[in-house]
>>> print(open('upload26.txt').read())   # compact mmCIF, C-alpha atoms
# COMPACT_ATOMS: atom_id res chain seq x y z
CA MET A 1047 2.93 -57.87 31.17
CA LYS A 1048 2.26 -55.87 34.35
CA LEU A 1049 4.76 -58.01 36.24
CA ILE A 1050 7.41 -57.49 33.55
CA LEU A 1051 6.85 -53.72 33.61
CA SER A 1052 7.07 -53.78 37.39
CA LEU A 1053 10.38 -55.61 37.17
CA ILE A 1054 11.71 -53.04 34.70
CA ARG A 1055 10.59 -50.17 36.97
CA ARG A 1056 12.22 -51.89 39.94
CA ASP A 1057 15.55 -52.22 38.16
CA LEU A 1058 15.39 -48.63 36.94
CA THR A 1059 14.67 -47.41 40.46
CA LEU A 1060 17.58 -49.39 41.89
CA SER A 1061 19.84 -48.09 39.13
CA MET A 1062 18.89 -44.50 39.88
CA ARG A 1063 19.40 -44.93 43.61
CA GLN A 1064 22.75 -46.66 43.34
CA GLY A 1065 24.06 -44.70 40.38
CA GLY A 1066 27.25 -46.76 40.15
CA GLY A 1067 26.76 -48.38 36.77
CA VAL A 1068 25.33 -45.35 34.99
CA GLY A 1069 27.79 -42.94 36.58
CA THR A 1070 30.79 -45.12 35.77
CA ALA A 1071 29.70 -45.62 32.16
CA LEU A 1072 28.99 -41.93 31.61
CA GLY A 1073 32.24 -40.90 33.32
CA PHE A 1074 34.26 -43.29 31.18
CA PHE A 1075 32.53 -42.08 28.02
CA LEU A 1076 33.26 -38.43 28.84
CA THR A 1077 36.86 -39.26 29.70
CA VAL A 1078 37.50 -40.93 26.35
CA VAL A 1079 35.77 -38.18 24.35
CA VAL A 1080 37.62 -35.41 26.18
CA LEU A 1081 41.07 -37.01 26.11
CA LEU A 1082 40.95 -38.21 22.50
CA PRO A 1083 41.34 -34.75 20.90
CA ILE A 1084 44.16 -33.96 23.31
CA GLY A 1085 46.01 -37.14 22.38
CA ILE A 1086 45.53 -36.74 18.63
CA GLY A 1087 46.33 -33.06 18.44
CA PRO A 1088 44.77 -30.05 16.70
CA ASP A 1089 44.22 -31.72 13.33
CA GLN A 1090 40.52 -30.93 12.84
CA ALA A 1091 40.24 -32.84 9.56
CA LEU A 1092 41.59 -36.01 11.18
CA LEU A 1093 39.24 -35.65 14.13
CA ALA A 1094 36.25 -35.24 11.79
CA ARG A 1095 37.19 -38.46 9.95
CA ILE A 1096 37.55 -40.57 13.07
CA ALA A 1097 34.76 -38.95 15.13
CA PRO A 1098 32.00 -41.53 14.37
CA GLY A 1099 34.34 -44.46 15.05
CA ALA A 1100 35.63 -42.87 18.25
CA LEU A 1101 32.11 -42.29 19.53
CA TRP A 1102 31.03 -45.84 18.68
CA ILE A 1103 34.04 -47.37 20.42
CA SER A 1104 33.43 -45.16 23.46
CA LEU A 1105 29.82 -46.33 23.54
CA LEU A 1106 30.76 -50.02 23.31
CA LEU A 1107 33.33 -49.83 26.08
CA SER A 1108 31.07 -47.74 28.32
CA VAL A 1109 28.24 -50.26 28.01
CA LEU A 1110 30.66 -53.08 28.84
CA LEU A 1111 31.64 -51.38 32.11
CA SER A 1112 28.16 -51.84 33.52
CA ALA A 1113 27.31 -55.16 31.84
CA ASP A 1114 28.24 -57.34 34.82
CA ARG A 1115 25.68 -55.52 37.00
CA ILE A 1116 22.68 -56.72 34.98
CA PHE A 1117 22.14 -59.87 37.06
CA GLN A 1118 24.84 -59.69 39.73
CA GLN A 1119 22.92 -58.05 42.58
CA ASP A 1120 19.82 -60.21 42.13
CA TYR A 1121 22.01 -63.31 42.03
CA GLU A 1122 23.81 -62.38 45.24
CA ASP A 1123 20.68 -61.53 47.27
CA GLY A 1124 18.72 -64.55 46.03
CA SER A 1125 16.13 -62.62 44.02
CA LEU A 1126 16.84 -64.68 40.91
CA ASP A 1127 15.95 -67.89 42.75
CA ILE A 1128 12.57 -66.41 43.63
CA MET A 1129 12.03 -65.19 40.07
CA THR A 1130 12.51 -68.71 38.71
CA MET A 1131 9.51 -69.82 40.77
CA GLY A 1132 7.34 -66.86 39.81
CA PRO A 1133 4.53 -66.74 37.24
CA VAL A 1134 6.65 -64.87 34.69
CA PRO A 1135 8.73 -67.07 32.36
CA PHE A 1136 12.38 -66.78 33.28
CA GLU A 1137 13.25 -65.83 29.69
CA MET A 1138 11.00 -62.78 30.04
CA VAL A 1139 12.70 -61.92 33.33
CA ALA A 1140 16.06 -61.95 31.58
CA LEU A 1141 14.63 -59.79 28.78
CA ALA A 1142 13.17 -57.33 31.27
CA LYS A 1143 16.53 -56.90 32.99
CA ALA A 1144 18.25 -56.36 29.64
CA VAL A 1145 15.64 -53.73 28.76
CA ALA A 1146 16.21 -52.01 32.11
CA HIS A 1147 19.95 -51.93 31.40
CA TRP A 1148 19.24 -50.40 27.99
CA LEU A 1149 16.96 -47.73 29.41
CA SER A 1150 19.29 -46.82 32.26
CA THR A 1151 22.68 -47.01 30.53
CA SER A 1152 22.84 -47.75 26.81
CA LEU A 1153 20.06 -45.44 25.62
CA PRO A 1154 21.24 -42.33 27.55
CA LEU A 1155 24.77 -42.86 26.22
CA ALA A 1156 23.50 -43.38 22.66
CA ILE A 1157 21.57 -40.11 22.83
CA ALA A 1158 24.37 -38.18 24.51
CA ALA A 1159 27.13 -39.39 22.17
CA PRO A 1160 26.13 -37.37 19.07
CA LEU A 1161 25.42 -34.33 21.24
CA LEU A 1162 28.96 -34.52 22.62
CA GLY A 1163 30.37 -35.06 19.14
CA PHE A 1164 31.50 -31.43 18.96
CA LEU A 1165 34.37 -32.42 21.27
CA VAL A 1166 35.76 -34.60 18.47
CA ASN A 1167 34.72 -32.27 15.63
CA LEU A 1168 31.79 -34.40 14.48
CA GLU A 1169 30.27 -33.09 11.26
CA PRO A 1170 26.73 -31.66 11.71
CA ALA A 1171 25.47 -33.81 8.85
CA ALA A 1172 26.52 -36.94 10.75
CA ILE A 1173 24.52 -36.18 13.90
CA LEU A 1174 21.17 -37.56 12.70
CA PRO A 1175 22.43 -40.81 11.11
CA LEU A 1176 24.76 -41.39 14.06
CA THR A 1177 21.90 -40.92 16.53
CA LEU A 1178 19.62 -43.33 14.65
CA ALA A 1179 22.33 -45.95 14.36
CA MET A 1180 23.39 -45.66 18.00
CA VAL A 1181 19.86 -45.82 19.40
CA LEU A 1182 19.15 -48.91 17.30
CA GLY A 1183 22.52 -50.50 17.96
CA SER A 1184 22.39 -49.80 21.68
CA VAL A 1185 19.48 -52.25 21.99
CA ALA A 1186 21.67 -55.02 20.59
CA LEU A 1187 24.53 -53.96 22.86
CA SER A 1188 22.44 -54.42 26.02
CA LEU A 1189 20.94 -57.69 24.84
CA ILE A 1190 24.35 -59.15 23.99
CA ALA A 1191 25.78 -57.81 27.26
CA ALA A 1192 23.04 -59.67 29.11
CA ILE A 1193 24.26 -62.96 27.66
CA GLY A 1194 27.81 -62.29 28.88
CA ALA A 1195 26.55 -61.17 32.28
CA ALA A 1196 24.46 -64.33 32.67
CA VAL A 1197 27.33 -66.64 31.70
CA THR A 1198 29.68 -65.06 34.26
CA VAL A 1199 27.23 -64.15 37.04
CA GLY A 1200 28.59 -66.73 39.48
CA LEU A 1201 32.28 -66.18 38.76
CA ARG A 1202 34.78 -63.94 40.49
CA ARG A 1203 35.99 -60.96 38.46
CA GLY A 1204 33.15 -61.56 36.06
CA GLY A 1205 33.46 -58.08 34.57
CA LEU A 1206 36.70 -58.97 32.80
CA LEU A 1207 35.26 -62.23 31.49
CA VAL A 1208 32.16 -60.42 30.23
CA SER A 1209 34.40 -58.18 28.13
CA ILE A 1210 36.27 -61.14 26.67
CA LEU A 1211 33.06 -62.98 25.80
CA VAL A 1212 31.06 -60.04 24.51
CA LEU A 1213 33.59 -58.05 22.50
CA PRO A 1214 33.67 -60.48 19.52
CA LEU A 1215 29.86 -60.35 19.37
CA TYR A 1216 29.99 -56.56 19.34
CA ILE A 1217 32.08 -56.43 16.16
CA PRO A 1218 29.12 -56.77 13.71
CA VAL A 1219 27.25 -54.05 15.60
CA LEU A 1220 30.29 -51.80 15.39
CA ILE A 1221 30.88 -52.46 11.68
CA PHE A 1222 27.33 -51.83 10.50
CA GLY A 1223 26.64 -49.13 13.06
CA LEU A 1224 29.68 -47.21 11.88
CA SER A 1225 28.71 -47.77 8.25
CA ALA A 1226 25.25 -46.37 8.95
CA SER A 1227 26.74 -43.30 10.66
CA GLN A 1228 28.66 -41.97 7.65
CA PRO A 1229 26.91 -38.92 6.12
CA ASP A 1230 28.97 -39.07 2.91
CA ALA A 1231 28.52 -42.80 2.29
CA ALA A 1232 27.56 -44.22 -1.09
CA PRO A 1233 23.86 -43.97 -2.01
CA GLY A 1234 21.85 -46.65 -0.27
CA LEU A 1235 24.70 -47.75 2.01
CA THR A 1236 23.33 -45.98 5.08
CA ALA A 1237 19.85 -47.47 4.67
CA ALA A 1238 21.25 -50.95 3.99
CA SER A 1239 23.50 -50.74 7.05
CA LEU A 1240 20.58 -49.63 9.21
CA LEU A 1241 18.52 -52.59 7.98
CA ILE A 1242 21.33 -55.02 8.79
CA LEU A 1243 21.75 -53.37 12.19
CA ALA A 1244 18.02 -53.78 12.78
CA ALA A 1245 18.31 -57.46 11.81
CA ILE A 1246 21.14 -57.95 14.30
CA THR A 1247 19.00 -56.31 16.97
CA LEU A 1248 16.02 -58.56 16.20
CA VAL A 1249 18.18 -61.69 16.31
CA SER A 1250 19.60 -60.53 19.64
CA LEU A 1251 16.07 -59.92 20.89
CA VAL A 1252 15.23 -63.57 20.24
CA VAL A 1253 18.51 -65.21 21.27
CA SER A 1254 19.44 -63.13 24.31
CA PRO A 1255 16.52 -64.06 26.64
CA LEU A 1256 16.87 -67.76 25.81
CA ALA A 1257 20.65 -67.86 26.24
CA SER A 1258 20.63 -65.67 29.36
CA ALA A 1259 17.91 -67.74 31.05
CA ALA A 1260 19.70 -71.00 30.25
CA ALA A 1261 23.00 -69.69 31.63
CA LEU A 1262 21.35 -68.39 34.80
CA ARG A 1263 19.54 -71.67 35.42
CA SER A 1264 22.86 -73.51 35.33
CA TYR A 1265 24.01 -71.42 38.32
CA LEU A 1266 20.72 -71.63 40.20
CA LYS A 1267 20.44 -75.44 40.20
>>> encode(input="upload26.txt", output="structure tokens")
Amino acid sequence: MKLILSLIRRDLTLSMRQGGGVGTALGFFLTVVVLLPIGIGPDQALLARIAPGALWISLLLSVLLSADRIFQQDYEDGSLDIMTMGPVPFEMVALAKAVAHWLSTSLPLAIAAPLLGFLVNLEPAAILPLTLAMVLGSVALSLIAAIGAAVTVGLRRGGLLVSILVLPLYIPVLIFGLSASQPDAAPGLTAASLLILAAITLVSLVVSPLASAAALRSYLK
């Protein structure tokens, strides 16, 4: 466990020093949120209706921008080869790197999104359910992104391929995350959607390390 925590701290430190992935994701998110009201116009009622969906889509696309960086640097400098021979199971290494991506990119965006919702006229009653859904869904986003990053780690222009592979897997997260973010939803719908979103996250927690490790091993042979 100490080695896994050390790996997470290492990735977080590198992410803070480089700043490219986090800065790009945050900049893209702010760009979408700021430009959307300008493009739609001054219709406040329309903005309030589409605000949760706009914030969710901005979060998904922002996470995708940094997805290819999860394993890329360690693959290029040979660190992954060393990690395969270490005492930590390679599946746990893949999980640790996905967790580091969540802590450095997905979680900050998930927390910032509802706070920036005033730019798209987000209803105050939607802030709490949207925050809960995004924090929970962001875990699944990073875990699924890790699978795409592992499959394309050895390919040129892998970022585009990651988007093509991962976007279909993001659709269930988007559907149930958006359903859980509606403050005026039918009784019980929000709780049911959160439970389904939690189930998707748990399935991703099991599948992602196994699939990511298998994909990475195919490149490291």
>>> residues_near_point(input="upload26.txt", point="(23.0, -68.3, 37.2)", cutoff="12 Å", atoms="all atoms listed in the file", output="MDAnalysis selection string")
chainID A and resid 1116:1122 1124:1127 1129:1130 1136 1140 1192:1201 1257:1267
>>> closest_atom_pairs(input="upload26.txt", of="stretch 1113-1150 of chain A", to="stretch 1049-1064 of chain A", cutoff="10 Å", atoms="all atoms listed in the file", output="Markdown table")
| residue | atom | partner | partner_atom | distance |
| --- | --- | --- | --- | --- |
| A:Arg1115 | CA | A:Ser1061 | CA | 9.7 |
| A:Ile1116 | CA | A:Asp1057 | CA | 9.0 |
| A:Asp1120 | CA | A:Asp1057 | CA | 9.9 |
| A:Gly1132 | CA | A:Leu1049 | CA | 9.9 |
| A:Pro1133 | CA | A:Leu1049 | CA | 8.8 |
| A:Val1134 | CA | A:Leu1049 | CA | 7.3 |
| A:Pro1135 | CA | A:Ile1050 | CA | 9.7 |
| A:Met1138 | CA | A:Ile1050 | CA | 7.3 |
| A:Val1139 | CA | A:Ile1050 | CA | 6.9 |
| A:Ala1140 | CA | A:Ile1050 | CA | 9.9 |
| A:Leu1141 | CA | A:Ile1050 | CA | 9.0 |
| A:Ala1142 | CA | A:Ile1054 | CA | 5.7 |
| A:Lys1143 | CA | A:Ile1054 | CA | 6.4 |
| A:Ala1144 | CA | A:Ile1054 | CA | 8.9 |
| A:Val1145 | CA | A:Ile1054 | CA | 7.2 |
| A:Ala1146 | CA | A:Ile1054 | CA | 5.3 |
| A:His1147 | CA | A:Leu1058 | CA | 7.9 |
| A:Trp1148 | CA | A:Leu1058 | CA | 9.9 |
| A:Leu1149 | CA | A:Leu1058 | CA | 7.7 |
| A:Ser1150 | CA | A:Leu1058 | CA | 6.4 |
>>> residues_near_point(input="upload26.txt", point="(42.9, -36.4, 19.3)", cutoff="10 Å", atoms="all atoms listed in the file", output="count of residues only")
21
>>> atom_distance(input="upload26.txt", atom1="atom CA of A:Ala1191", atom2="atom CA of A:Pro1229")
28.4 Å
>>> closest_residue(input="upload26.txt", among="A:Thr1070, A:Ser1254, A:Thr1177, A:Ser1188", to="A:Gly1223", atoms="all atoms listed in the file")
A:Thr1177
>>> closest_residue(input="upload26.txt", among="A:Ala1091, A:Val1212, A:Ile1157, A:Met1047", to="A:Leu1111", atoms="only C-alpha atoms")
A:Val1212
>>> residues_around(input="upload26.txt", residues="A:Ala1186", least_positions_apart="5", cutoff="10 Å", atoms="only C-alpha atoms", output="number ranges by chain")
A: 1144, 1148, 1152, 1180-1181, 1191-1192, 1215-1216, 1219, 1243-1251, 1254
>>> write_last_selection(input="upload26.txt", atoms="C-alpha atoms", output="PDB file, in the frame of the given file")
ATOM      1  CA  ALA A1144      18.250 -56.360  29.640  1.00  0.00           C
ATOM      2  CA  TRP A1148      19.240 -50.400  27.990  1.00  0.00           C
ATOM      3  CA  SER A1152      22.840 -47.750  26.810  1.00  0.00           C
ATOM      4  CA  MET A1180      23.390 -45.660  18.000  1.00  0.00           C
ATOM      5  CA  VAL A1181      19.860 -45.820  19.400  1.00  0.00           C
ATOM      6  CA  ALA A1191      25.780 -57.810  27.260  1.00  0.00           C
ATOM      7  CA  ALA A1192      23.040 -59.670  29.110  1.00  0.00           C
ATOM      8  CA  LEU A1215      29.860 -60.350  19.370  1.00  0.00           C
ATOM      9  CA  TYR A1216      29.990 -56.560  19.340  1.00  0.00           C
ATOM     10  CA  VAL A1219      27.250 -54.050  15.600  1.00  0.00           C
ATOM     11  CA  LEU A1243      21.750 -53.370  12.190  1.00  0.00           C
ATOM     12  CA  ALA A1244      18.020 -53.780  12.780  1.00  0.00           C
ATOM     13  CA  ALA A1245      18.310 -57.460  11.810  1.00  0.00           C
ATOM     14  CA  ILE A1246      21.140 -57.950  14.300  1.00  0.00           C
ATOM     15  CA  THR A1247      19.000 -56.310  16.970  1.00  0.00           C
ATOM     16  CA  LEU A1248      16.020 -58.560  16.200  1.00  0.00           C
ATOM     17  CA  VAL A1249      18.180 -61.690  16.310  1.00  0.00           C
ATOM     18  CA  SER A1250      19.600 -60.530  19.640  1.00  0.00           C
ATOM     19  CA  LEU A1251      16.070 -59.920  20.890  1.00  0.00           C
ATOM     20  CA  SER A1254      19.440 -63.130  24.310  1.00  0.00           C
TER      21      SER A1254
END
>>> atom_distance(input="upload26.txt", atom1="atom CA of A:Leu1241", atom2="atom CA of A:Pro1160")
20.3 Å
>>> closest_residue(input="upload26.txt", among="A:Pro1170, A:Met1131, A:Leu1220, A:Leu1240", to="A:Ser1104", atoms="all atoms listed in the file")
A:Leu1220
>>> atom_distance(input="upload26.txt", atom1="atom CA of A:Leu1178", atom2="atom CA of A:Leu1106")
15.6 Å
